[in-house]
file input.cif (mmCIF, N, CA and C atoms and all ligand atoms)
data_entry
loop_
_atom_site.label_atom_id
_atom_site.label_comp_id
_atom_site.auth_asym_id
_atom_site.auth_seq_id
_atom_site.Cartn_x
_atom_site.Cartn_y
_atom_site.Cartn_z
N MET A 1 -0.40 3.99 -48.31
CA MET A 1 0.12 2.67 -47.96
C MET A 1 0.68 2.67 -46.54
N ALA A 2 0.50 1.61 -45.83
CA ALA A 2 0.95 1.51 -44.43
C ALA A 2 2.48 1.46 -44.37
N THR A 3 3.04 1.83 -43.21
CA THR A 3 4.50 1.87 -43.06
C THR A 3 5.11 0.48 -42.82
N ASN A 4 4.26 -0.56 -42.78
CA ASN A 4 4.81 -1.90 -42.65
C ASN A 4 4.98 -2.57 -44.03
N ARG A 5 5.04 -1.72 -45.07
CA ARG A 5 5.21 -2.26 -46.42
C ARG A 5 6.46 -1.71 -47.08
N THR A 6 7.02 -2.54 -47.97
CA THR A 6 8.11 -2.07 -48.81
C THR A 6 7.88 -2.54 -50.23
N PHE A 7 8.72 -2.05 -51.13
CA PHE A 7 8.58 -2.41 -52.53
C PHE A 7 9.89 -3.01 -53.01
N THR A 8 9.81 -4.06 -53.82
CA THR A 8 11.02 -4.68 -54.36
C THR A 8 10.90 -4.95 -55.85
N MET A 9 12.03 -5.03 -56.50
CA MET A 9 12.10 -5.59 -57.85
C MET A 9 13.22 -6.61 -57.87
N LEU A 10 12.95 -7.80 -58.44
CA LEU A 10 14.02 -8.73 -58.78
C LEU A 10 14.49 -8.27 -60.15
N LYS A 11 15.73 -7.86 -60.23
CA LYS A 11 16.25 -7.17 -61.40
C LYS A 11 16.61 -8.13 -62.54
N PRO A 12 16.83 -7.59 -63.76
CA PRO A 12 17.06 -8.45 -64.92
C PRO A 12 18.17 -9.49 -64.74
N ASP A 13 19.25 -9.16 -64.03
CA ASP A 13 20.31 -10.17 -63.86
C ASP A 13 19.84 -11.36 -63.04
N ALA A 14 19.02 -11.10 -62.03
CA ALA A 14 18.52 -12.18 -61.17
C ALA A 14 17.62 -13.12 -61.96
N ILE A 15 16.78 -12.54 -62.83
CA ILE A 15 15.88 -13.37 -63.64
C ILE A 15 16.69 -14.17 -64.67
N GLU A 16 17.58 -13.45 -65.37
CA GLU A 16 18.44 -14.05 -66.41
C GLU A 16 19.24 -15.22 -65.85
N ASN A 17 19.73 -15.07 -64.63
CA ASN A 17 20.60 -16.09 -64.03
C ASN A 17 19.81 -17.20 -63.33
N GLY A 18 18.48 -17.15 -63.43
CA GLY A 18 17.66 -18.24 -62.89
C GLY A 18 17.46 -18.21 -61.39
N HIS A 19 17.57 -17.02 -60.78
CA HIS A 19 17.49 -16.93 -59.33
C HIS A 19 16.13 -16.47 -58.79
N MET A 20 15.14 -16.35 -59.68
CA MET A 20 13.83 -15.83 -59.24
C MET A 20 13.26 -16.63 -58.08
N GLY A 21 13.21 -17.94 -58.23
CA GLY A 21 12.58 -18.79 -57.21
C GLY A 21 13.34 -18.75 -55.89
N LYS A 22 14.66 -18.82 -55.96
CA LYS A 22 15.47 -18.82 -54.73
C LYS A 22 15.33 -17.49 -53.98
N ILE A 23 15.29 -16.39 -54.72
CA ILE A 23 15.18 -15.08 -54.06
C ILE A 23 13.79 -14.92 -53.45
N LEU A 24 12.75 -15.31 -54.18
CA LEU A 24 11.40 -15.22 -53.61
C LEU A 24 11.29 -16.08 -52.36
N ASP A 25 11.93 -17.25 -52.38
CA ASP A 25 11.89 -18.12 -51.21
C ASP A 25 12.58 -17.46 -50.01
N MET A 26 13.73 -16.83 -50.24
CA MET A 26 14.42 -16.13 -49.14
C MET A 26 13.53 -15.03 -48.56
N ILE A 27 12.83 -14.32 -49.44
CA ILE A 27 11.96 -13.22 -49.00
C ILE A 27 10.82 -13.76 -48.14
N ILE A 28 10.20 -14.84 -48.61
CA ILE A 28 9.06 -15.42 -47.87
C ILE A 28 9.54 -16.04 -46.56
N GLN A 29 10.67 -16.76 -46.62
CA GLN A 29 11.22 -17.38 -45.40
C GLN A 29 11.60 -16.34 -44.35
N ALA A 30 11.94 -15.14 -44.81
CA ALA A 30 12.31 -14.06 -43.87
C ALA A 30 11.08 -13.41 -43.25
N GLY A 31 9.89 -13.87 -43.64
CA GLY A 31 8.68 -13.40 -42.97
C GLY A 31 7.91 -12.31 -43.70
N PHE A 32 8.28 -12.04 -44.95
CA PHE A 32 7.55 -11.03 -45.73
C PHE A 32 6.36 -11.70 -46.43
N GLN A 33 5.22 -11.01 -46.39
CA GLN A 33 4.05 -11.47 -47.13
C GLN A 33 3.97 -10.71 -48.44
N ILE A 34 3.63 -11.42 -49.50
CA ILE A 34 3.51 -10.78 -50.81
C ILE A 34 2.11 -10.19 -50.95
N LYS A 35 2.05 -8.85 -51.03
CA LYS A 35 0.75 -8.15 -51.12
C LYS A 35 0.37 -7.90 -52.58
N ALA A 36 1.38 -7.84 -53.45
CA ALA A 36 1.16 -7.62 -54.88
C ALA A 36 2.39 -8.12 -55.59
N MET A 37 2.21 -8.66 -56.81
CA MET A 37 3.39 -9.14 -57.56
C MET A 37 3.09 -9.19 -59.04
N LYS A 38 4.07 -8.79 -59.86
CA LYS A 38 3.93 -8.97 -61.31
C LYS A 38 5.27 -9.20 -61.99
N TYR A 39 5.19 -9.98 -63.08
CA TYR A 39 6.35 -10.25 -63.94
C TYR A 39 6.19 -9.33 -65.13
N THR A 40 7.13 -8.42 -65.33
CA THR A 40 6.94 -7.38 -66.32
C THR A 40 8.29 -6.88 -66.82
N ARG A 41 8.26 -5.96 -67.76
CA ARG A 41 9.52 -5.36 -68.23
C ARG A 41 9.34 -3.86 -68.24
N LEU A 42 10.28 -3.14 -67.64
CA LEU A 42 10.17 -1.68 -67.59
C LEU A 42 10.41 -1.09 -68.97
N THR A 43 9.66 -0.06 -69.31
CA THR A 43 9.98 0.73 -70.50
C THR A 43 11.09 1.70 -70.11
N VAL A 44 11.74 2.27 -71.11
CA VAL A 44 12.80 3.25 -70.84
C VAL A 44 12.22 4.42 -70.03
N ASP A 45 11.04 4.89 -70.38
CA ASP A 45 10.42 6.00 -69.64
C ASP A 45 10.17 5.63 -68.19
N GLN A 46 9.68 4.42 -67.95
CA GLN A 46 9.43 3.97 -66.57
C GLN A 46 10.73 3.89 -65.77
N ALA A 47 11.77 3.33 -66.38
CA ALA A 47 13.05 3.18 -65.66
C ALA A 47 13.65 4.56 -65.36
N LYS A 48 13.56 5.48 -66.32
CA LYS A 48 14.08 6.85 -66.11
C LYS A 48 13.36 7.50 -64.94
N LYS A 49 12.04 7.33 -64.93
CA LYS A 49 11.23 7.95 -63.87
C LYS A 49 11.53 7.30 -62.51
N PHE A 50 11.62 5.97 -62.50
CA PHE A 50 11.85 5.25 -61.25
C PHE A 50 13.17 5.68 -60.61
N TYR A 51 14.21 5.89 -61.44
CA TYR A 51 15.54 6.22 -60.93
C TYR A 51 15.88 7.71 -61.13
N GLU A 52 14.85 8.52 -61.26
CA GLU A 52 15.01 9.96 -61.49
C GLU A 52 15.99 10.63 -60.51
N VAL A 53 15.95 10.19 -59.25
CA VAL A 53 16.81 10.76 -58.21
C VAL A 53 18.29 10.59 -58.55
N HIS A 54 18.62 9.63 -59.42
CA HIS A 54 20.01 9.39 -59.82
C HIS A 54 20.34 10.02 -61.18
N ALA A 55 19.45 10.86 -61.71
CA ALA A 55 19.59 11.38 -63.08
C ALA A 55 20.94 12.06 -63.34
N GLU A 56 21.51 12.68 -62.32
CA GLU A 56 22.78 13.41 -62.52
C GLU A 56 24.00 12.52 -62.30
N ARG A 57 23.80 11.29 -61.87
CA ARG A 57 24.93 10.40 -61.57
C ARG A 57 25.50 9.82 -62.87
N PRO A 58 26.82 9.56 -62.90
CA PRO A 58 27.44 9.07 -64.13
C PRO A 58 26.90 7.71 -64.60
N PHE A 59 26.34 6.93 -63.68
CA PHE A 59 25.88 5.58 -64.06
C PHE A 59 24.41 5.55 -64.48
N TYR A 60 23.75 6.71 -64.54
CA TYR A 60 22.30 6.74 -64.80
C TYR A 60 21.92 6.06 -66.13
N GLY A 61 22.66 6.41 -67.21
CA GLY A 61 22.35 5.84 -68.53
C GLY A 61 22.47 4.33 -68.52
N GLU A 62 23.56 3.86 -67.93
CA GLU A 62 23.84 2.43 -67.81
C GLU A 62 22.74 1.74 -66.96
N LEU A 63 22.33 2.41 -65.91
CA LEU A 63 21.31 1.87 -65.00
C LEU A 63 19.97 1.70 -65.74
N VAL A 64 19.59 2.71 -66.50
CA VAL A 64 18.33 2.65 -67.25
C VAL A 64 18.40 1.55 -68.32
N GLU A 65 19.54 1.47 -68.98
CA GLU A 65 19.72 0.45 -70.02
C GLU A 65 19.61 -0.96 -69.42
N TYR A 66 20.27 -1.14 -68.30
CA TYR A 66 20.26 -2.44 -67.62
C TYR A 66 18.86 -2.79 -67.11
N MET A 67 18.19 -1.85 -66.48
CA MET A 67 16.88 -2.14 -65.88
C MET A 67 15.80 -2.40 -66.93
N THR A 68 16.07 -2.02 -68.19
CA THR A 68 15.10 -2.28 -69.26
C THR A 68 15.56 -3.43 -70.15
N SER A 69 16.65 -4.10 -69.77
CA SER A 69 17.26 -5.12 -70.65
C SER A 69 16.51 -6.45 -70.65
N GLY A 70 15.61 -6.64 -69.70
CA GLY A 70 14.88 -7.90 -69.63
C GLY A 70 13.80 -7.80 -68.58
N PRO A 71 13.04 -8.89 -68.41
CA PRO A 71 11.94 -8.84 -67.44
C PRO A 71 12.42 -8.74 -65.99
N ILE A 72 11.55 -8.22 -65.17
CA ILE A 72 11.77 -8.10 -63.73
C ILE A 72 10.54 -8.69 -63.01
N VAL A 73 10.68 -8.94 -61.72
CA VAL A 73 9.53 -9.20 -60.86
C VAL A 73 9.40 -8.01 -59.93
N ALA A 74 8.23 -7.37 -59.94
CA ALA A 74 7.95 -6.25 -59.03
C ALA A 74 7.00 -6.76 -57.96
N ALA A 75 7.20 -6.34 -56.71
CA ALA A 75 6.32 -6.81 -55.64
C ALA A 75 6.22 -5.81 -54.49
N ILE A 76 5.06 -5.80 -53.86
CA ILE A 76 4.87 -5.09 -52.59
C ILE A 76 4.91 -6.14 -51.49
N LEU A 77 5.73 -5.88 -50.47
CA LEU A 77 5.93 -6.83 -49.37
C LEU A 77 5.47 -6.22 -48.06
N GLU A 78 4.94 -7.09 -47.19
CA GLU A 78 4.47 -6.61 -45.89
C GLU A 78 5.12 -7.38 -44.75
N LYS A 79 5.53 -6.65 -43.73
CA LYS A 79 6.14 -7.23 -42.52
C LYS A 79 6.30 -6.07 -41.54
N ASP A 80 6.32 -6.33 -40.26
CA ASP A 80 6.69 -5.26 -39.32
C ASP A 80 8.05 -4.72 -39.71
N ASN A 81 8.22 -3.43 -39.66
CA ASN A 81 9.53 -2.81 -39.94
C ASN A 81 10.05 -3.19 -41.33
N ALA A 82 9.12 -3.22 -42.31
CA ALA A 82 9.42 -3.79 -43.63
C ALA A 82 10.61 -3.14 -44.33
N VAL A 83 10.66 -1.82 -44.36
CA VAL A 83 11.71 -1.14 -45.14
C VAL A 83 13.09 -1.50 -44.60
N ALA A 84 13.30 -1.33 -43.31
CA ALA A 84 14.63 -1.59 -42.72
C ALA A 84 14.96 -3.07 -42.75
N ASP A 85 13.99 -3.93 -42.44
CA ASP A 85 14.27 -5.36 -42.43
C ASP A 85 14.59 -5.87 -43.84
N PHE A 86 13.92 -5.29 -44.85
CA PHE A 86 14.19 -5.75 -46.21
C PHE A 86 15.56 -5.26 -46.68
N ARG A 87 15.93 -4.03 -46.32
CA ARG A 87 17.28 -3.54 -46.67
C ARG A 87 18.33 -4.44 -46.01
N ALA A 88 18.06 -4.90 -44.80
CA ALA A 88 19.01 -5.80 -44.13
C ALA A 88 19.09 -7.14 -44.86
N LEU A 89 17.94 -7.63 -45.33
CA LEU A 89 17.91 -8.91 -46.06
C LEU A 89 18.64 -8.82 -47.40
N ILE A 90 18.55 -7.68 -48.09
CA ILE A 90 19.20 -7.60 -49.41
C ILE A 90 20.70 -7.29 -49.29
N GLY A 91 21.13 -6.56 -48.28
CA GLY A 91 22.54 -6.25 -48.11
C GLY A 91 22.98 -5.01 -48.88
N SER A 92 24.27 -4.70 -48.78
CA SER A 92 24.82 -3.47 -49.37
C SER A 92 24.66 -3.45 -50.89
N THR A 93 24.61 -2.23 -51.43
CA THR A 93 24.47 -2.02 -52.88
C THR A 93 25.54 -2.81 -53.64
N ASP A 94 26.78 -2.75 -53.14
CA ASP A 94 27.90 -3.45 -53.77
C ASP A 94 28.04 -4.83 -53.14
N PRO A 95 27.86 -5.90 -53.93
CA PRO A 95 27.91 -7.25 -53.34
C PRO A 95 29.23 -7.55 -52.65
N ALA A 96 30.30 -6.87 -53.05
CA ALA A 96 31.60 -7.06 -52.39
C ALA A 96 31.53 -6.62 -50.93
N GLU A 97 30.60 -5.72 -50.63
CA GLU A 97 30.46 -5.22 -49.25
C GLU A 97 29.25 -5.83 -48.53
N ALA A 98 28.48 -6.66 -49.23
CA ALA A 98 27.26 -7.21 -48.63
C ALA A 98 27.58 -8.32 -47.64
N ALA A 99 26.83 -8.36 -46.55
CA ALA A 99 27.07 -9.35 -45.50
C ALA A 99 26.68 -10.76 -45.97
N GLU A 100 27.33 -11.73 -45.38
CA GLU A 100 27.01 -13.14 -45.58
C GLU A 100 25.53 -13.37 -45.28
N GLY A 101 24.86 -14.17 -46.09
CA GLY A 101 23.46 -14.48 -45.83
C GLY A 101 22.48 -13.52 -46.48
N THR A 102 22.99 -12.43 -47.09
CA THR A 102 22.10 -11.48 -47.76
C THR A 102 21.86 -11.90 -49.21
N ILE A 103 20.78 -11.38 -49.78
CA ILE A 103 20.42 -11.73 -51.16
C ILE A 103 21.51 -11.24 -52.13
N ARG A 104 21.99 -10.01 -51.91
CA ARG A 104 23.00 -9.50 -52.85
C ARG A 104 24.33 -10.26 -52.71
N LYS A 105 24.69 -10.66 -51.50
CA LYS A 105 25.91 -11.46 -51.33
C LYS A 105 25.80 -12.75 -52.14
N ALA A 106 24.62 -13.35 -52.09
CA ALA A 106 24.43 -14.65 -52.75
C ALA A 106 24.27 -14.51 -54.26
N PHE A 107 23.60 -13.45 -54.73
CA PHE A 107 23.17 -13.44 -56.13
C PHE A 107 23.60 -12.25 -56.98
N ALA A 108 24.05 -11.13 -56.37
CA ALA A 108 24.39 -9.97 -57.20
C ALA A 108 25.68 -10.21 -57.96
N GLU A 109 25.73 -9.67 -59.19
CA GLU A 109 26.94 -9.81 -60.02
C GLU A 109 27.92 -8.68 -59.74
N SER A 110 27.39 -7.49 -59.49
CA SER A 110 28.23 -6.29 -59.33
C SER A 110 27.40 -5.19 -58.70
N LYS A 111 28.03 -4.04 -58.46
CA LYS A 111 27.31 -2.90 -57.89
C LYS A 111 26.17 -2.45 -58.81
N GLY A 112 26.37 -2.53 -60.09
CA GLY A 112 25.32 -2.13 -61.05
C GLY A 112 24.27 -3.21 -61.22
N ARG A 113 24.74 -4.45 -61.41
CA ARG A 113 23.83 -5.59 -61.63
C ARG A 113 23.71 -6.32 -60.30
N ASN A 114 22.85 -5.79 -59.42
CA ASN A 114 22.87 -6.26 -58.03
C ASN A 114 21.58 -6.96 -57.59
N ALA A 115 20.94 -7.64 -58.54
CA ALA A 115 19.91 -8.66 -58.27
C ALA A 115 18.56 -8.16 -57.77
N VAL A 116 18.58 -7.14 -56.91
CA VAL A 116 17.32 -6.81 -56.24
C VAL A 116 17.28 -5.34 -55.82
N HIS A 117 16.08 -4.77 -55.86
CA HIS A 117 15.84 -3.41 -55.36
C HIS A 117 15.06 -3.49 -54.05
N GLY A 118 15.34 -2.58 -53.14
CA GLY A 118 14.52 -2.42 -51.94
C GLY A 118 14.34 -0.94 -51.64
N SER A 119 13.12 -0.52 -51.35
CA SER A 119 12.85 0.89 -51.05
C SER A 119 13.71 1.35 -49.88
N ASP A 120 14.05 2.64 -49.88
CA ASP A 120 14.92 3.17 -48.82
C ASP A 120 14.18 3.96 -47.74
N SER A 121 12.86 4.11 -47.88
CA SER A 121 12.07 4.81 -46.86
C SER A 121 10.61 4.41 -47.01
N ASP A 122 9.82 4.65 -45.95
CA ASP A 122 8.38 4.37 -46.04
C ASP A 122 7.74 5.20 -47.14
N GLU A 123 8.17 6.46 -47.25
CA GLU A 123 7.61 7.35 -48.26
C GLU A 123 7.89 6.81 -49.67
N ASN A 124 9.14 6.41 -49.93
CA ASN A 124 9.46 5.88 -51.25
C ASN A 124 8.81 4.52 -51.49
N ALA A 125 8.65 3.72 -50.44
CA ALA A 125 7.96 2.43 -50.59
C ALA A 125 6.54 2.66 -51.13
N ALA A 126 5.87 3.67 -50.58
CA ALA A 126 4.50 3.96 -51.02
C ALA A 126 4.48 4.47 -52.46
N ILE A 127 5.41 5.38 -52.78
CA ILE A 127 5.48 5.95 -54.13
C ILE A 127 5.79 4.85 -55.15
N GLU A 128 6.77 4.01 -54.83
CA GLU A 128 7.21 2.97 -55.75
C GLU A 128 6.13 1.89 -55.92
N GLY A 129 5.46 1.55 -54.84
CA GLY A 129 4.38 0.56 -54.94
C GLY A 129 3.25 1.06 -55.83
N GLU A 130 2.89 2.32 -55.63
CA GLU A 130 1.80 2.90 -56.43
C GLU A 130 2.20 3.10 -57.89
N PHE A 131 3.50 3.24 -58.11
CA PHE A 131 4.03 3.38 -59.48
C PHE A 131 3.74 2.11 -60.29
N HIS A 132 3.77 0.96 -59.63
CA HIS A 132 3.64 -0.33 -60.33
C HIS A 132 2.28 -1.00 -60.19
N PHE A 133 1.52 -0.66 -59.14
CA PHE A 133 0.29 -1.41 -58.88
C PHE A 133 -0.91 -0.50 -58.63
N GLY A 134 -2.04 -0.91 -59.18
CA GLY A 134 -3.30 -0.25 -58.87
C GLY A 134 -3.89 -0.87 -57.61
N ALA A 135 -4.86 -0.16 -57.01
CA ALA A 135 -5.47 -0.62 -55.75
C ALA A 135 -6.04 -2.03 -55.89
N ASN A 136 -6.58 -2.37 -57.06
CA ASN A 136 -7.21 -3.69 -57.26
C ASN A 136 -6.20 -4.80 -57.49
N GLU A 137 -4.89 -4.47 -57.48
CA GLU A 137 -3.84 -5.49 -57.67
C GLU A 137 -3.11 -5.77 -56.35
N ILE A 138 -3.53 -5.11 -55.27
CA ILE A 138 -2.88 -5.26 -53.96
C ILE A 138 -3.79 -6.06 -53.04
N PHE A 139 -3.28 -7.17 -52.47
CA PHE A 139 -4.13 -8.09 -51.71
C PHE A 139 -3.68 -8.20 -50.26
P1 LIG B 201 20.38 0.76 -53.60
O1 LIG B 201 19.83 -0.03 -54.76
O2 LIG B 201 21.19 -0.10 -52.68
O3 LIG B 201 19.32 1.56 -52.87
P2 LIG B 201 21.23 3.27 -54.76
O4 LIG B 201 19.86 3.78 -54.48
O5 LIG B 201 22.40 4.07 -54.27
O6 LIG B 201 21.43 1.79 -54.21
O7 LIG B 201 21.44 3.10 -56.33
C1 LIG B 201 20.39 2.59 -57.13
C2 LIG B 201 20.97 1.61 -58.12
O8 LIG B 201 21.88 2.28 -58.99
C3 LIG B 201 21.82 0.49 -57.48
O9 LIG B 201 21.03 -0.57 -57.00
C4 LIG B 201 22.69 0.09 -58.62
C5 LIG B 201 22.96 1.40 -59.33
N1 LIG B 201 24.21 2.01 -58.86
C6 LIG B 201 24.40 2.70 -57.71
N2 LIG B 201 25.66 3.10 -57.58
C7 LIG B 201 26.31 2.66 -58.70
C8 LIG B 201 27.65 2.76 -59.19
N3 LIG B 201 28.59 3.41 -58.50
N4 LIG B 201 27.92 2.19 -60.38
C9 LIG B 201 26.97 1.54 -61.09
N5 LIG B 201 25.69 1.41 -60.70
C10 LIG B 201 25.37 1.95 -59.52
MG MG B 202 18.20 3.16 -53.45
#
call {"tool": "encode", "arguments": {"input": "input.cif", "output": "structure tokens"}}
result
Amino acid sequence: MATNRTFTMLKPDAIENGHMGKILDMIIQAGFQIKAMKYTRLTVDQAKKFYEVHAERPFYGELVEYMTSGPIVAAILEKDNAVADFRALIGSTDPAEAAEGTIRKAFAESKGRNAVHGSDSDENAAIEGEFHFGANEIF
């Protein structure tokens, strides 16, 4: 996957709270093109694998439970400098620390239930995108 791509998930709290459309609009208005998208629900095995890097953290069990609690929107996004620009658009992990105008400032409930995922590197963007999408689902 090219380095101008990132991967996102609109998390269960964002969907539950009716923010899917507003968040997608913010993403598109910020200049990201949607290369792939699906409405789906993670299995426990998928969520464990996706967040494997956090397996030793005290919040891992809670994180897996939350991420499998309802449907999500998964998407591959394209833009110059996609990873960094998308992290800037979503804001800090903890909405209390997120800047004004960011998605998490507007929609996250808490540090755990924080509305949206964004890849943290080009390498992880590629891994995470391939985790959710086959070549024939990317446009
Ligand atoms: P980010 O999603 O900003 O990349 P991260 O990779 O550090 O943050 O953590 C992944 C997710 O784990 C995060 O979006 C929400 C959850 N999480 C992180 N730290 C947490 C904490 N202290 N308590 C509860 N959940 C936490
Ligand atoms: Mg992260």
call {"tool": "atom_distance", "arguments": {"input": "input.cif", "atom1": "atom N of Glu56 in chain A", "atom2": "atom N of Arg41 in chain A"}}
result
23.5 Å
call {"tool": "select_by_dssp", "arguments": {"input": "input.cif", "residues": "range 9-139 of chain A", "states": "helix (DSSP H, G or I)", "output": "ChimeraX atom specification"}}
result
/A:12-16,20-29,44-50,52-54,60-67,82-90,95-97,103-107,122-132,135-137
call {"tool": "residues_around", "arguments": {"input": "input.cif", "residues": "Ser121 in chain A", "least_positions_apart": "6", "cutoff": "10 Å", "atoms": "only C-alpha atoms", "output": "PyMOL selection string"}}
result
chain A and resi 3+5-7+82-84+87+127
call {"tool": "closest_residue", "arguments": {"input": "input.cif", "among": "A:Ala135, A:Leu24, A:Ala14, A:Ala47", "to": "Leu63 in chain A", "atoms": "all atoms listed in the file"}}
result
A:Ala47
call {"tool": "select_by_dssp", "arguments": {"input": "input.cif", "residues": "range 2-138 of chain A", "states": "strand (DSSP E)", "output": "list in words"}}
result
Arg5, Thr6, Phe7, Thr8, Met9, Leu10, Gln33, Ile34, Lys35, Ala36, Met37, Lys38, Tyr39, Thr40, Ile72, Val73, Ala74, Ala75, Ile76, Leu77, Glu78, Val116, His117 and Gly118 of chain A
call {"tool": "residues_near_ligand", "arguments": {"input": "input.cif", "ligand": "ligand LIG 201 (chain B)", "cutoff": "8 Å", "atoms": "all atoms listed in the file", "output": "number ranges by chain"}}
result
A: 51, 54, 58-60, 62-64, 87, 90-94, 110-120
call {"tool": "residues_around", "arguments": {"input": "input.cif", "residues": "Val44 in chain A", "least_positions_apart": "3", "cutoff": "10 Å", "atoms": "only C-alpha atoms", "output": "VMD selection string"}}
result
chain A and resid 41 47 to 50 64 to 69
